[in-house]
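Asker: final-v8.tsv (TSV, C-alpha atoms) pasted underneath:
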```tsv
chain	number	residue	atom	x	y	z
A	101	MET	CA	-52.26	53.05	-18.66
A	102	TYR	CA	-52.09	49.73	-16.87
A	103	ARG	CA	-48.37	49.30	-16.13
A	104	LYS	CA	-45.76	51.25	-14.19
A	105	GLU	CA	-43.22	53.19	-16.27
A	106	ILE	CA	-39.66	51.92	-15.70
A	107	VAL	CA	-36.94	54.64	-16.10
A	108	LEU	CA	-38.41	55.82	-19.40
A	109	ARG	CA	-41.48	58.04	-19.25
A	110	ARG	CA	-43.72	58.97	-22.13
A	111	HIS	CA	-43.85	62.62	-23.13
A	112	PRO	CA	-47.26	64.19	-22.42
A	113	ASP	CA	-47.50	65.44	-26.03
A	114	ASN	CA	-47.25	61.93	-27.49
A	115	PRO	CA	-47.53	61.08	-30.27
A	116	ILE	CA	-45.21	63.92	-31.24
A	117	ILE	CA	-45.33	63.11	-34.98
A	118	SER	CA	-48.25	61.45	-36.76
A	119	PRO	CA	-49.60	60.94	-40.30
A	120	LEU	CA	-51.59	64.15	-39.82
A	121	ASP	CA	-48.28	66.05	-40.07
A	122	PHE	CA	-48.13	65.14	-43.78
A	123	PRO	CA	-50.56	65.87	-46.63
A	124	ASP	CA	-51.48	62.26	-47.50
A	125	VAL	CA	-49.63	59.67	-45.46
A	126	ASP	CA	-50.60	56.27	-44.06
A	127	ALA	CA	-47.81	56.06	-41.45
A	128	VAL	CA	-44.74	57.83	-40.07
A	129	PHE	CA	-42.78	55.70	-37.65
A	130	ASN	CA	-39.39	54.06	-36.85
A	131	CYS	CA	-36.78	56.81	-37.06
A	132	GLY	CA	-33.03	57.23	-36.95
A	133	GLN	CA	-32.03	59.87	-34.39
A	134	THR	CA	-29.03	62.10	-33.74
A	135	MET	CA	-27.94	65.66	-32.98
A	136	PHE	CA	-27.00	67.99	-35.85
A	137	GLU	CA	-25.84	71.60	-35.45
A	138	GLY	CA	-27.37	71.80	-31.97
A	139	LYS	CA	-30.76	70.44	-33.06
A	140	THR	CA	-32.42	67.06	-32.66
A	141	LEU	CA	-32.62	65.37	-36.05
A	142	LEU	CA	-34.89	62.46	-36.89
A	143	LEU	CA	-34.79	60.43	-40.10
A	144	LEU	CA	-38.42	59.38	-40.43
A	145	SER	CA	-39.81	56.26	-42.06
A	146	VAL	CA	-42.77	57.53	-44.07
A	147	CYS	CA	-45.33	55.40	-45.90
A	148	PRO	CA	-47.60	57.43	-48.21
A	149	ARG	CA	-51.16	56.31	-48.80
A	150	ASP	CA	-50.57	55.71	-52.50
A	151	GLY	CA	-46.83	55.39	-53.12
A	152	MET	CA	-43.45	53.93	-52.17
A	153	PRO	CA	-42.03	54.35	-48.64
A	154	ARG	CA	-39.38	57.05	-48.24
A	155	LEU	CA	-37.24	58.77	-45.60
A	156	HIS	CA	-37.75	62.38	-44.49
A	157	VAL	CA	-35.58	64.61	-42.29
A	158	ALA	CA	-37.17	66.41	-39.31
A	159	THR	CA	-35.38	68.82	-36.97
A	160	SER	CA	-36.28	70.39	-33.64
A	161	GLU	CA	-34.92	73.03	-31.29
A	162	ASP	CA	-36.61	71.56	-28.21
A	163	GLY	CA	-36.78	67.89	-29.18
A	164	VAL	CA	-40.58	67.87	-29.16
A	165	LYS	CA	-41.89	70.16	-31.91
A	166	PHE	CA	-40.38	69.19	-35.24
A	167	ASP	CA	-40.06	70.90	-38.60
A	168	ILE	CA	-40.38	68.23	-41.27
A	169	GLU	CA	-38.73	68.63	-44.64
A	170	PRO	CA	-41.50	68.26	-47.26
A	171	GLU	CA	-39.18	66.67	-49.83
A	172	PRO	CA	-37.91	63.15	-49.04
A	173	PHE	CA	-34.24	62.76	-48.17
A	174	ILE	CA	-33.94	59.18	-49.48
A	175	THR	CA	-36.13	57.33	-51.97
A	176	GLN	CA	-35.83	54.14	-54.00
A	177	ASP	CA	-34.73	56.21	-57.01
A	178	ASP	CA	-31.54	57.24	-55.17
A	179	THR	CA	-30.31	53.65	-54.91
A	180	PRO	CA	-27.90	52.50	-57.64
A	181	MET	CA	-28.23	49.27	-59.56
A	182	PRO	CA	-28.20	46.34	-58.98
A	183	TRP	CA	-29.87	47.09	-55.61
A	184	ARG	CA	-32.52	49.56	-56.82
A	185	ASP	CA	-35.13	46.98	-57.79
A	186	MET	CA	-34.85	45.43	-54.31
A	187	ASP	CA	-35.11	48.77	-52.49
A	188	THR	CA	-38.87	48.73	-52.10
A	189	TRP	CA	-38.98	49.28	-48.34
A	190	PRO	CA	-36.62	52.09	-47.26
A	191	ILE	CA	-37.55	52.24	-43.57
A	192	ASP	CA	-36.00	51.56	-40.13
A	193	PRO	CA	-32.81	53.62	-40.60
A	194	ARG	CA	-30.03	53.47	-38.01
A	195	VAL	CA	-28.01	56.71	-37.82
A	196	THR	CA	-24.49	56.87	-36.34
A	197	ARG	CA	-22.18	59.87	-36.27
A	198	ILE	CA	-18.48	58.99	-36.58
A	199	ASP	CA	-16.32	62.11	-36.45
A	200	ASP	CA	-18.13	64.61	-38.73
A	201	VAL	CA	-19.84	62.02	-40.93
A	202	TYR	CA	-23.34	60.64	-40.36
A	203	TYR	CA	-23.68	57.03	-41.48
A	204	ILE	CA	-27.09	55.58	-42.31
A	205	VAL	CA	-27.67	51.82	-42.29
A	206	ARG	CA	-31.03	50.70	-43.60
A	207	PRO	CA	-32.65	47.61	-45.07
A	208	ILE	CA	-33.53	46.73	-48.62
A	209	GLN	CA	-35.88	43.87	-49.44
A	210	GLY	CA	-34.38	40.49	-48.94
A	211	PRO	CA	-33.70	41.82	-46.41
A	212	ALA	CA	-30.12	43.05	-46.64
A	213	CYS	CA	-28.37	46.16	-45.27
A	214	ILE	CA	-27.01	49.07	-47.29
A	215	LEU	CA	-24.75	51.83	-46.00
A	216	GLN	CA	-25.05	55.51	-46.93
A	217	LYS	CA	-23.51	58.69	-45.52
A	218	THR	CA	-24.07	62.43	-45.31
A	219	THR	CA	-22.34	65.43	-43.75
A	220	ASP	CA	-25.01	68.11	-44.30
A	221	TRP	CA	-28.36	66.24	-44.35
A	222	LYS	CA	-29.07	67.78	-47.74
A	223	THR	CA	-27.15	65.33	-49.91
A	224	HIS	CA	-26.14	61.73	-49.33
A	225	GLU	CA	-23.80	59.15	-50.83
A	226	PHE	CA	-24.32	55.43	-51.34
A	227	ILE	CA	-21.38	53.40	-50.01
A	228	GLU	CA	-22.08	49.66	-50.26
A	229	CYS	CA	-24.26	46.72	-49.35
A	230	ILE	CA	-22.73	45.54	-46.07
A	231	ALA	CA	-24.87	42.57	-45.00
A	232	LEU	CA	-26.38	39.65	-46.86
A	233	PRO	CA	-29.95	38.43	-46.30
A	234	CYS	CA	-31.45	37.85	-43.88
A	235	ASN	CA	-30.11	40.80	-41.92
A	236	ARG	CA	-31.74	44.20	-41.68
A	237	VAL	CA	-30.76	45.97	-38.48
A	238	ALA	CA	-26.96	46.43	-38.48
A	239	SER	CA	-26.04	49.21	-36.01
A	240	LEU	CA	-22.65	50.94	-35.99
A	241	PHE	CA	-20.64	52.02	-32.94
A	242	PRO	CA	-19.85	55.78	-33.02
A	243	GLU	CA	-16.05	55.40	-32.93
A	244	LYS	CA	-13.28	52.93	-33.60
A	245	ILE	CA	-12.35	50.50	-30.84
A	246	ASN	CA	-8.76	49.25	-30.84
A	247	GLY	CA	-8.36	50.54	-34.40
A	248	LEU	CA	-11.45	48.85	-35.84
A	249	TYR	CA	-15.06	49.79	-36.56
A	250	TYR	CA	-17.66	47.66	-34.79
A	251	ARG	CA	-21.31	46.86	-35.34
A	252	VAL	CA	-24.09	44.81	-33.79
A	253	ASP	CA	-26.57	43.14	-36.11
A	254	ARG	CA	-29.29	40.51	-36.11
A	255	PRO	CA	-29.01	37.69	-38.66
A	256	PHE	CA	-32.41	36.05	-38.75
A	257	ASN	CA	-33.86	32.68	-39.60
A	258	ILE	CA	-37.29	31.21	-39.16
A	259	ARG	CA	-36.45	29.87	-35.69
A	260	THR	CA	-34.72	32.69	-33.87
A	261	GLY	CA	-33.31	36.19	-34.08
A	262	SER	CA	-30.19	36.77	-31.97
A	263	MET	CA	-27.63	39.57	-31.96
A	264	TRP	CA	-24.05	39.23	-33.21
A	265	ILE	CA	-21.07	41.59	-33.12
A	266	SER	CA	-18.39	42.01	-35.80
A	267	SER	CA	-15.57	44.36	-36.77
A	268	SER	CA	-14.21	46.02	-39.90
A	269	PRO	CA	-11.17	48.03	-40.99
A	270	ASP	CA	-13.21	50.16	-43.44
A	271	LEU	CA	-16.98	49.86	-42.70
A	272	ILE	CA	-17.38	47.70	-45.82
A	273	ASN	CA	-15.57	44.43	-45.17
A	274	TRP	CA	-16.88	42.81	-41.98
A	275	GLY	CA	-15.50	39.79	-40.14
A	276	ARG	CA	-14.66	38.26	-36.76
A	277	HIS	CA	-18.36	37.59	-36.19
A	278	ARG	CA	-19.18	36.66	-32.60
A	279	PRO	CA	-22.52	35.87	-30.94
A	280	LEU	CA	-23.46	38.65	-28.50
A	281	ALA	CA	-26.92	37.85	-27.14
A	282	LYS	CA	-29.20	34.94	-27.94
A	283	ALA	CA	-32.99	34.91	-28.04
A	284	PRO	CA	-34.68	34.13	-25.74
A	285	PHE	CA	-32.84	36.85	-23.81
A	286	SER	CA	-33.31	38.41	-20.38
A	287	SER	CA	-36.83	37.08	-19.70
A	288	CYS	CA	-40.03	36.13	-21.48
A	289	TRP	CA	-40.62	39.64	-22.92
A	290	ALA	CA	-37.74	39.03	-25.40
A	291	VAL	CA	-38.25	35.35	-26.06
A	292	ASP	CA	-38.76	35.25	-29.85
A	293	LYS	CA	-36.21	37.69	-31.29
A	294	ILE	CA	-34.12	40.70	-30.32
A	295	GLY	CA	-32.59	43.49	-32.36
A	296	PRO	CA	-30.03	46.29	-31.83
A	297	THR	CA	-29.71	50.04	-32.23
A	298	PRO	CA	-26.51	52.13	-32.46
A	299	PRO	CA	-24.66	51.91	-29.11
A	300	LEU	CA	-24.02	55.06	-27.07
A	301	ARG	CA	-20.78	55.84	-25.22
A	302	THR	CA	-21.34	56.38	-21.48
A	303	PRO	CA	-18.96	56.51	-18.50
A	304	ALA	CA	-20.08	52.96	-17.59
A	305	GLY	CA	-19.71	51.37	-21.04
A	306	TRP	CA	-21.54	51.13	-24.36
A	307	LEU	CA	-25.27	51.50	-23.73
A	308	MET	CA	-27.61	50.02	-26.32
A	309	ILE	CA	-31.39	50.14	-26.53
A	310	PHE	CA	-32.74	46.96	-28.11
A	311	HIS	CA	-36.13	45.55	-28.99
A	312	GLY	CA	-37.52	42.20	-27.94
A	313	VAL	CA	-40.53	40.28	-29.21
A	314	MET	CA	-42.91	38.00	-27.35
A	315	THR	CA	-45.71	36.17	-29.19
A	316	TYR	CA	-49.05	35.76	-27.48
A	317	ALA	CA	-52.23	34.10	-28.68
A	318	GLY	CA	-53.34	37.46	-30.11
A	319	GLY	CA	-50.04	38.21	-31.87
A	320	GLY	CA	-46.60	39.63	-31.15
A	321	ARG	CA	-45.65	42.32	-28.63
A	322	TYR	CA	-42.60	44.55	-29.33
A	323	SER	CA	-40.96	46.08	-26.26
A	324	LEU	CA	-37.66	47.86	-25.50
A	325	GLY	CA	-34.82	46.89	-23.18
A	326	ALA	CA	-31.26	48.08	-22.57
A	327	MET	CA	-27.81	46.53	-22.23
A	328	LEU	CA	-24.28	47.64	-21.37
A	329	MET	CA	-21.15	46.42	-23.16
A	330	ASP	CA	-17.54	46.77	-22.03
A	331	ILE	CA	-15.98	49.97	-23.38
A	332	ASP	CA	-12.79	48.23	-24.60
A	333	ASP	CA	-14.30	44.86	-25.49
A	334	PRO	CA	-17.88	45.39	-26.68
A	335	SER	CA	-18.34	41.66	-27.24
A	336	ARG	CA	-18.63	41.40	-23.44
A	337	ILE	CA	-22.00	42.31	-21.92
A	338	ILE	CA	-21.54	43.79	-18.45
A	339	GLY	CA	-25.16	44.50	-17.64
A	340	HIS	CA	-28.70	44.47	-19.03
A	341	SER	CA	-32.27	45.11	-18.01
A	342	LYS	CA	-34.00	41.93	-16.94
A	343	GLY	CA	-37.37	43.20	-18.02
A	344	TRP	CA	-38.58	45.72	-20.56
A	345	ILE	CA	-38.05	49.45	-20.01
A	346	LEU	CA	-40.88	50.42	-22.39
A	347	THR	CA	-43.75	48.24	-23.54
A	348	PRO	CA	-47.04	49.04	-25.33
A	349	ASP	CA	-49.48	50.58	-22.88
A	350	ALA	CA	-50.95	53.69	-24.55
A	351	PRO	CA	-53.75	53.70	-27.14
A	352	TYR	CA	-51.45	54.93	-29.93
A	353	GLU	CA	-49.11	51.98	-29.21
A	354	PHE	CA	-51.92	49.45	-29.53
A	355	MET	CA	-53.90	50.86	-32.45
A	356	GLY	CA	-52.18	51.07	-35.84
A	357	ASN	CA	-50.57	49.09	-38.64
A	358	CYS	CA	-48.56	46.87	-36.27
A	359	GLN	CA	-50.56	46.65	-33.07
A	360	ASN	CA	-48.97	46.21	-29.65
A	361	CYS	CA	-45.63	47.64	-30.72
A	362	VAL	CA	-43.00	50.12	-29.52
A	363	PHE	CA	-39.89	50.05	-31.70
A	364	SER	CA	-36.80	52.25	-31.67
A	365	CYS	CA	-33.96	52.64	-34.18
A	366	GLY	CA	-31.73	54.44	-31.67
A	367	ALA	CA	-31.52	56.87	-28.77
A	368	ILE	CA	-29.87	60.19	-27.88
A	369	ALA	CA	-27.85	60.48	-24.67
A	370	ASP	CA	-26.64	63.64	-22.93
A	371	VAL	CA	-24.15	62.72	-20.21
A	372	GLU	CA	-23.89	66.28	-18.85
A	373	LYS	CA	-27.67	66.57	-18.45
A	374	ASP	CA	-28.01	62.96	-17.29
A	375	LEU	CA	-30.68	62.48	-19.94
A	376	ILE	CA	-31.60	59.79	-22.43
A	377	ARG	CA	-34.23	60.35	-25.10
A	378	VAL	CA	-35.76	57.52	-27.10
A	379	TYR	CA	-37.86	58.36	-30.17
A	380	TYR	CA	-39.85	55.29	-31.06
A	381	GLY	CA	-42.35	54.03	-33.56
A	382	ALA	CA	-45.77	53.36	-32.02
A	383	ALA	CA	-47.80	50.63	-33.73
A	384	ASP	CA	-45.87	51.37	-36.98
A	385	THR	CA	-48.12	54.41	-37.39
A	386	CYS	CA	-46.81	57.39	-35.39
A	387	ILE	CA	-43.81	58.47	-33.31
A	388	GLY	CA	-43.58	58.80	-29.55
A	389	LEU	CA	-40.90	60.15	-27.23
A	390	ALA	CA	-39.82	58.59	-23.93
A	391	THR	CA	-37.20	60.17	-21.66
A	392	GLY	CA	-35.37	59.24	-18.49
A	393	LYS	CA	-32.24	59.69	-16.44
A	394	LEU	CA	-29.21	58.13	-18.11
A	395	SER	CA	-27.71	57.24	-14.73
A	396	GLU	CA	-30.90	55.41	-13.66
A	397	LEU	CA	-30.89	53.33	-16.83
A	398	ILE	CA	-27.23	52.39	-16.36
A	399	GLU	CA	-27.88	51.54	-12.70
A	400	LEU	CA	-30.85	49.38	-13.72
A	401	CYS	CA	-28.71	47.43	-16.21
A	402	LEU	CA	-25.97	46.79	-13.65
A	403	ARG	CA	-28.38	45.97	-10.82
A	404	ASP	CA	-30.62	43.64	-12.83
A	405	ASP	CA	-27.64	41.73	-14.19
A	406	LYS	CA	-26.54	40.88	-10.62
A	407	ALA	CA	-30.00	40.05	-9.33
```
Show the structure stored in the file as structure tokens.
Answerer:
Amino acid sequence: MYRKEIVLRRHPDNPIISPLDFPDVDAVFNCGQTMFEGKTLLLLSVCPRDGMPRLHVATSEDGVKFDIEPEPFITQDDTPMPWRDMDTWPIDPRVTRIDDVYYIVRPIQGPACILQKTTDWKTHEFIECIALPCNRVASLFPEKINGLYYRVDRPFNIRTGSMWISSSPDLINWGRHRPLAKAPFSSCWAVDKIGPTPPLRTPAGWLMIFHGVMTYAGGGRYSLGAMLMDIDDPSRIIGHSKGWILTPDAPYEFMGNCQNCVFSCGAIADVEKDLIRVYYGAADTCIGLATGKLSELIELCLRDDKA
């Protein structure tokens, strides 16, 4: 590798999940991530060599070696009309646990966002389409704030992709939209567009991993950064990383369907262990794991914001 690792460090077994873990698959990448019954659970974006993309559940005792369910958890056929014909790209799921319910936000072509839920990761229920085109990355907060649900999303047009925050009384009807962070953001690594993942509660505030895109002569580079939002008023950013905390630097992050790309749909934090784990798509082809100290990442966000 050519660059120093900043807070997050790649696992030595990377990539931890690849197309070789399936019978006949072109790619397995951007995954929702959470804890379920004491195990790490990933909701994998899977593109078969000769069929429609689908989502598979994978679970792990140690967070590194995963057992992948052979049958898909979500497919286009599960989506009710009138959205089914548009649901040709069920990938990039964001997973948020609120109480004992796991909510899944994912894009359909357009792109727009649909909301689903599960309690057992064996069955799921369609709730509603919750964002009009062009918006594909809505990410829910894991609890109500001042009596309302909150989310961060990324409406997108041809010029820019910036993050907005909004609230809802019921997870379906969203309003009070406010700009949160505008691209270009932080520095040149996130100059073209930025996008959110589900925020994590920490003692210092809401911590969110986000992606940023920079376009070079040879194409775009997707990297990851982090920001902190006020615990009582998440529309207020109280700190953020100035630079990336993970950027493509390993062969499996350069070579694949989307070269020069690390992309996460979330993260898992353990305050007691002072640990953050980020499962990320590498070049839209396989999945890597990067880990670090939660306290170091929070300190970086607060320090960089004052620099």
Asker: Go through stretch 209-268 of chain A residue by residue and, counting all atoms listed in the file, keep those with an atom at most 12 Å from stretch 131-134 of chain A; for each kept residue give the shortest atom pair and its distance in Å to one decimal, ordered by chain and increasing number, as a Markdown table.
Answerer:
```
| residue | atom | partner | partner_atom | distance |
| --- | --- | --- | --- | --- |
| A:Trp221 | CA | A:Thr134 | CA | 11.4 |
| A:Val237 | CA | A:Gly132 | CA | 11.6 |
| A:Ser239 | CA | A:Gly132 | CA | 10.7 |
| A:Pro242 | CA | A:Thr134 | CA | 11.2 |
```
Asker: Enter the distance from atom CA of A:Cys229 to atom CA of A:Lys244, in Å, rounded to one decimal.
Answerer: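 Straight-line distance from atom CA of A:Cys229 to atom CA of A:Lys244 works out to 20.2 Å.
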Asker: Return the single residue from A:Leu271, A:Met152, A:Cys361, A:Leu300 that is closest to A:Thr315, with distances computed using all atoms listed in the file.
Answerer: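 Selected residue with least distance to A:Thr315: A:Cys361.
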Asker: Please provide the set of residues having any atom within 10 Å of A:Asp121, restricted to all atoms listed in the file, with same-chain residues fewer than 4 positions apart removed, written as a ChimeraX atom specification.
Answerer: /A:116-117,125,128,166-168,386
Asker: Can you work out which one of A:Cys401, A:Glu353, A:Cys365, A:Gly325 has the shortest atom-to-atom distance to A:Asp384, counting all atoms listed in the file?
Answerer: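 The answer is A:Glu353, which sits nearest to A:Asp384.
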Asker: Which of these residues is nearest to A:Leu394, using all atoms listed in the file: A:Ala281, A:Ile331, A:Ala317, A:Ala326?
Answerer: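 For A:Leu394, the nearest of the given residues is A:Ala326.
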Asker: So which residues touch A:Tyr203 within 12 Å, counting only C-alpha atoms, skipping near sequence neighbours fewer than 2 positions away, as JSON, numbers by chain?
Answerer: {"A": [132, 133, 134, 143, 193, 194, 195, 196, 197, 198, 199, 200, 201, 205, 206, 214, 215, 216, 217, 218, 219, 220, 221, 224, 225, 226, 227, 228, 238, 239, 240, 241, 242, 243, 271, 298]}
Asker: Quick one: residues within 8 Å of A:Tyr322, only C-alpha atoms, excluding same-chain residues fewer than 6 positions away - as an mmCIF file with C-alpha atoms, keeping the file's coordinate frame?
Answerer:
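The new file part_39.cif reads:
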```cif
data_model
loop_
_atom_site.group_PDB
_atom_site.id
_atom_site.type_symbol
_atom_site.label_atom_id
_atom_site.label_comp_id
_atom_site.auth_asym_id
_atom_site.auth_seq_id
_atom_site.Cartn_x
_atom_site.Cartn_y
_atom_site.Cartn_z
ATOM 1 C CA HIS A 311 -36.130 45.550 -28.990
ATOM 2 C CA GLY A 312 -37.520 42.200 -27.940
ATOM 3 C CA VAL A 313 -40.530 40.280 -29.210
ATOM 4 C CA MET A 314 -42.910 38.000 -27.350
ATOM 5 C CA THR A 347 -43.750 48.240 -23.540
ATOM 6 C CA PRO A 348 -47.040 49.040 -25.330
ATOM 7 C CA ASN A 360 -48.970 46.210 -29.650
ATOM 8 C CA CYS A 361 -45.630 47.640 -30.720
ATOM 9 C CA VAL A 362 -43.000 50.120 -29.520
ATOM 10 C CA PHE A 363 -39.890 50.050 -31.700
#
```
Asker: Counting all atoms listed in the file, what is within 12 Å of A:Ser395, bar same-chain residues fewer than 2 positions away, as a PyMOL selection string?
Answerer: chain A and resi 107-108+302-305+307+369-376+392-393+397-403
Asker: For a quick check of understanding, using only C-alpha atoms, which of A:Leu155, A:Ile309, A:Ile337, A:Ile230 has the smallest distance to A:Pro279?
Answerer: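 Smallest separation from A:Pro279 among the options: A:Ile337.
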Asker: Should you be able to, write stretch 311-371 of chain A of this structure into a file that contains C-alpha atoms, as a PDB file, in the first residue's frame.
Answerer:
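The new file selection.pdb reads:
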```
ATOM      1  CA  HIS A 311     -18.658   8.566   1.360  1.00  0.00           C
ATOM      2  CA  GLY A 312     -17.130  11.277  -0.778  1.00  0.00           C
ATOM      3  CA  VAL A 313     -16.255  11.305  -4.464  1.00  0.00           C
ATOM      4  CA  MET A 314     -13.425  13.036  -6.278  1.00  0.00           C
ATOM      5  CA  THR A 315     -13.123  12.851 -10.070  1.00  0.00           C
ATOM      6  CA  TYR A 316      -9.678  12.584 -11.616  1.00  0.00           C
ATOM      7  CA  ALA A 317      -8.642  12.350 -15.246  1.00  0.00           C
ATOM      8  CA  GLY A 318      -8.843   8.553 -14.964  1.00  0.00           C
ATOM      9  CA  GLY A 319     -12.276   8.498 -13.301  1.00  0.00           C
ATOM     10  CA  GLY A 320     -13.864   8.852  -9.878  1.00  0.00           C
ATOM     11  CA  ARG A 321     -12.420   7.865  -6.497  1.00  0.00           C
ATOM     12  CA  TYR A 322     -14.801   6.851  -3.663  1.00  0.00           C
ATOM     13  CA  SER A 323     -13.438   7.322  -0.141  1.00  0.00           C
ATOM     14  CA  LEU A 324     -14.888   7.333   3.395  1.00  0.00           C
ATOM     15  CA  GLY A 325     -14.997  10.083   6.004  1.00  0.00           C
ATOM     16  CA  ALA A 326     -16.758  10.640   9.328  1.00  0.00           C
ATOM     17  CA  MET A 327     -18.796  13.380  10.988  1.00  0.00           C
ATOM     18  CA  LEU A 328     -20.356  14.079  14.383  1.00  0.00           C
ATOM     19  CA  MET A 329     -23.803  15.626  14.887  1.00  0.00           C
ATOM     20  CA  ASP A 330     -25.249  17.104  18.070  1.00  0.00           C
ATOM     21  CA  ILE A 331     -27.116  14.469  20.080  1.00  0.00           C
ATOM     22  CA  ASP A 332     -30.188  16.692  20.646  1.00  0.00           C
ATOM     23  CA  ASP A 333     -30.072  18.655  17.402  1.00  0.00           C
ATOM     24  CA  PRO A 334     -28.650  16.416  14.667  1.00  0.00           C
ATOM     25  CA  SER A 335     -28.974  19.198  12.093  1.00  0.00           C
ATOM     26  CA  ARG A 336     -25.900  20.727  13.767  1.00  0.00           C
ATOM     27  CA  ILE A 337     -22.519  19.250  12.802  1.00  0.00           C
ATOM     28  CA  ILE A 338     -20.092  19.469  15.718  1.00  0.00           C
ATOM     29  CA  GLY A 339     -17.102  17.805  14.105  1.00  0.00           C
ATOM     30  CA  HIS A 340     -15.886  15.985  11.000  1.00  0.00           C
ATOM     31  CA  SER A 341     -12.780  14.482   9.492  1.00  0.00           C
ATOM     32  CA  LYS A 342     -11.011  16.929   7.224  1.00  0.00           C
ATOM     33  CA  GLY A 343      -9.601  14.184   5.076  1.00  0.00           C
ATOM     34  CA  TRP A 344     -10.633  10.645   4.256  1.00  0.00           C
ATOM     35  CA  ILE A 345     -10.358   7.885   6.868  1.00  0.00           C
ATOM     36  CA  LEU A 346     -10.312   5.111   4.241  1.00  0.00           C
ATOM     37  CA  THR A 347      -9.450   5.457   0.572  1.00  0.00           C
ATOM     38  CA  PRO A 348      -8.660   2.873  -2.142  1.00  0.00           C
ATOM     39  CA  ASP A 349      -5.140   1.566  -1.666  1.00  0.00           C
ATOM     40  CA  ALA A 350      -5.306  -2.243  -1.890  1.00  0.00           C
ATOM     41  CA  PRO A 351      -5.481  -4.270  -5.118  1.00  0.00           C
ATOM     42  CA  TYR A 352      -9.032  -5.497  -4.412  1.00  0.00           C
ATOM     43  CA  GLU A 353     -10.140  -1.846  -4.025  1.00  0.00           C
ATOM     44  CA  PHE A 354      -8.699  -0.878  -7.397  1.00  0.00           C
ATOM     45  CA  MET A 355      -9.588  -3.906  -9.512  1.00  0.00           C
ATOM     46  CA  GLY A 356     -13.266  -4.703 -10.044  1.00  0.00           C
ATOM     47  CA  ASN A 357     -16.542  -3.462 -11.484  1.00  0.00           C
ATOM     48  CA  CYS A 358     -16.143   0.058 -10.067  1.00  0.00           C
ATOM     49  CA  GLN A 359     -12.425   0.688  -9.834  1.00  0.00           C
ATOM     50  CA  ASN A 360     -10.863   2.941  -7.204  1.00  0.00           C
ATOM     51  CA  CYS A 361     -13.755   2.580  -4.785  1.00  0.00           C
ATOM     52  CA  VAL A 362     -14.400   1.907  -1.090  1.00  0.00           C
ATOM     53  CA  PHE A 363     -18.071   2.323  -0.198  1.00  0.00           C
ATOM     54  CA  SER A 364     -19.928   1.633   3.032  1.00  0.00           C
ATOM     55  CA  CYS A 365     -23.653   1.426   3.809  1.00  0.00           C
ATOM     56  CA  GLY A 366     -23.079   1.670   7.568  1.00  0.00           C
ATOM     57  CA  ALA A 367     -20.880   0.771  10.517  1.00  0.00           C
ATOM     58  CA  ILE A 368     -21.085  -1.090  13.835  1.00  0.00           C
ATOM     59  CA  ALA A 369     -19.927   0.614  17.024  1.00  0.00           C
ATOM     60  CA  ASP A 370     -19.213  -0.963  20.411  1.00  0.00           C
ATOM     61  CA  VAL A 371     -18.784   1.774  23.020  1.00  0.00           C
TER      62      VAL A 371
END
```
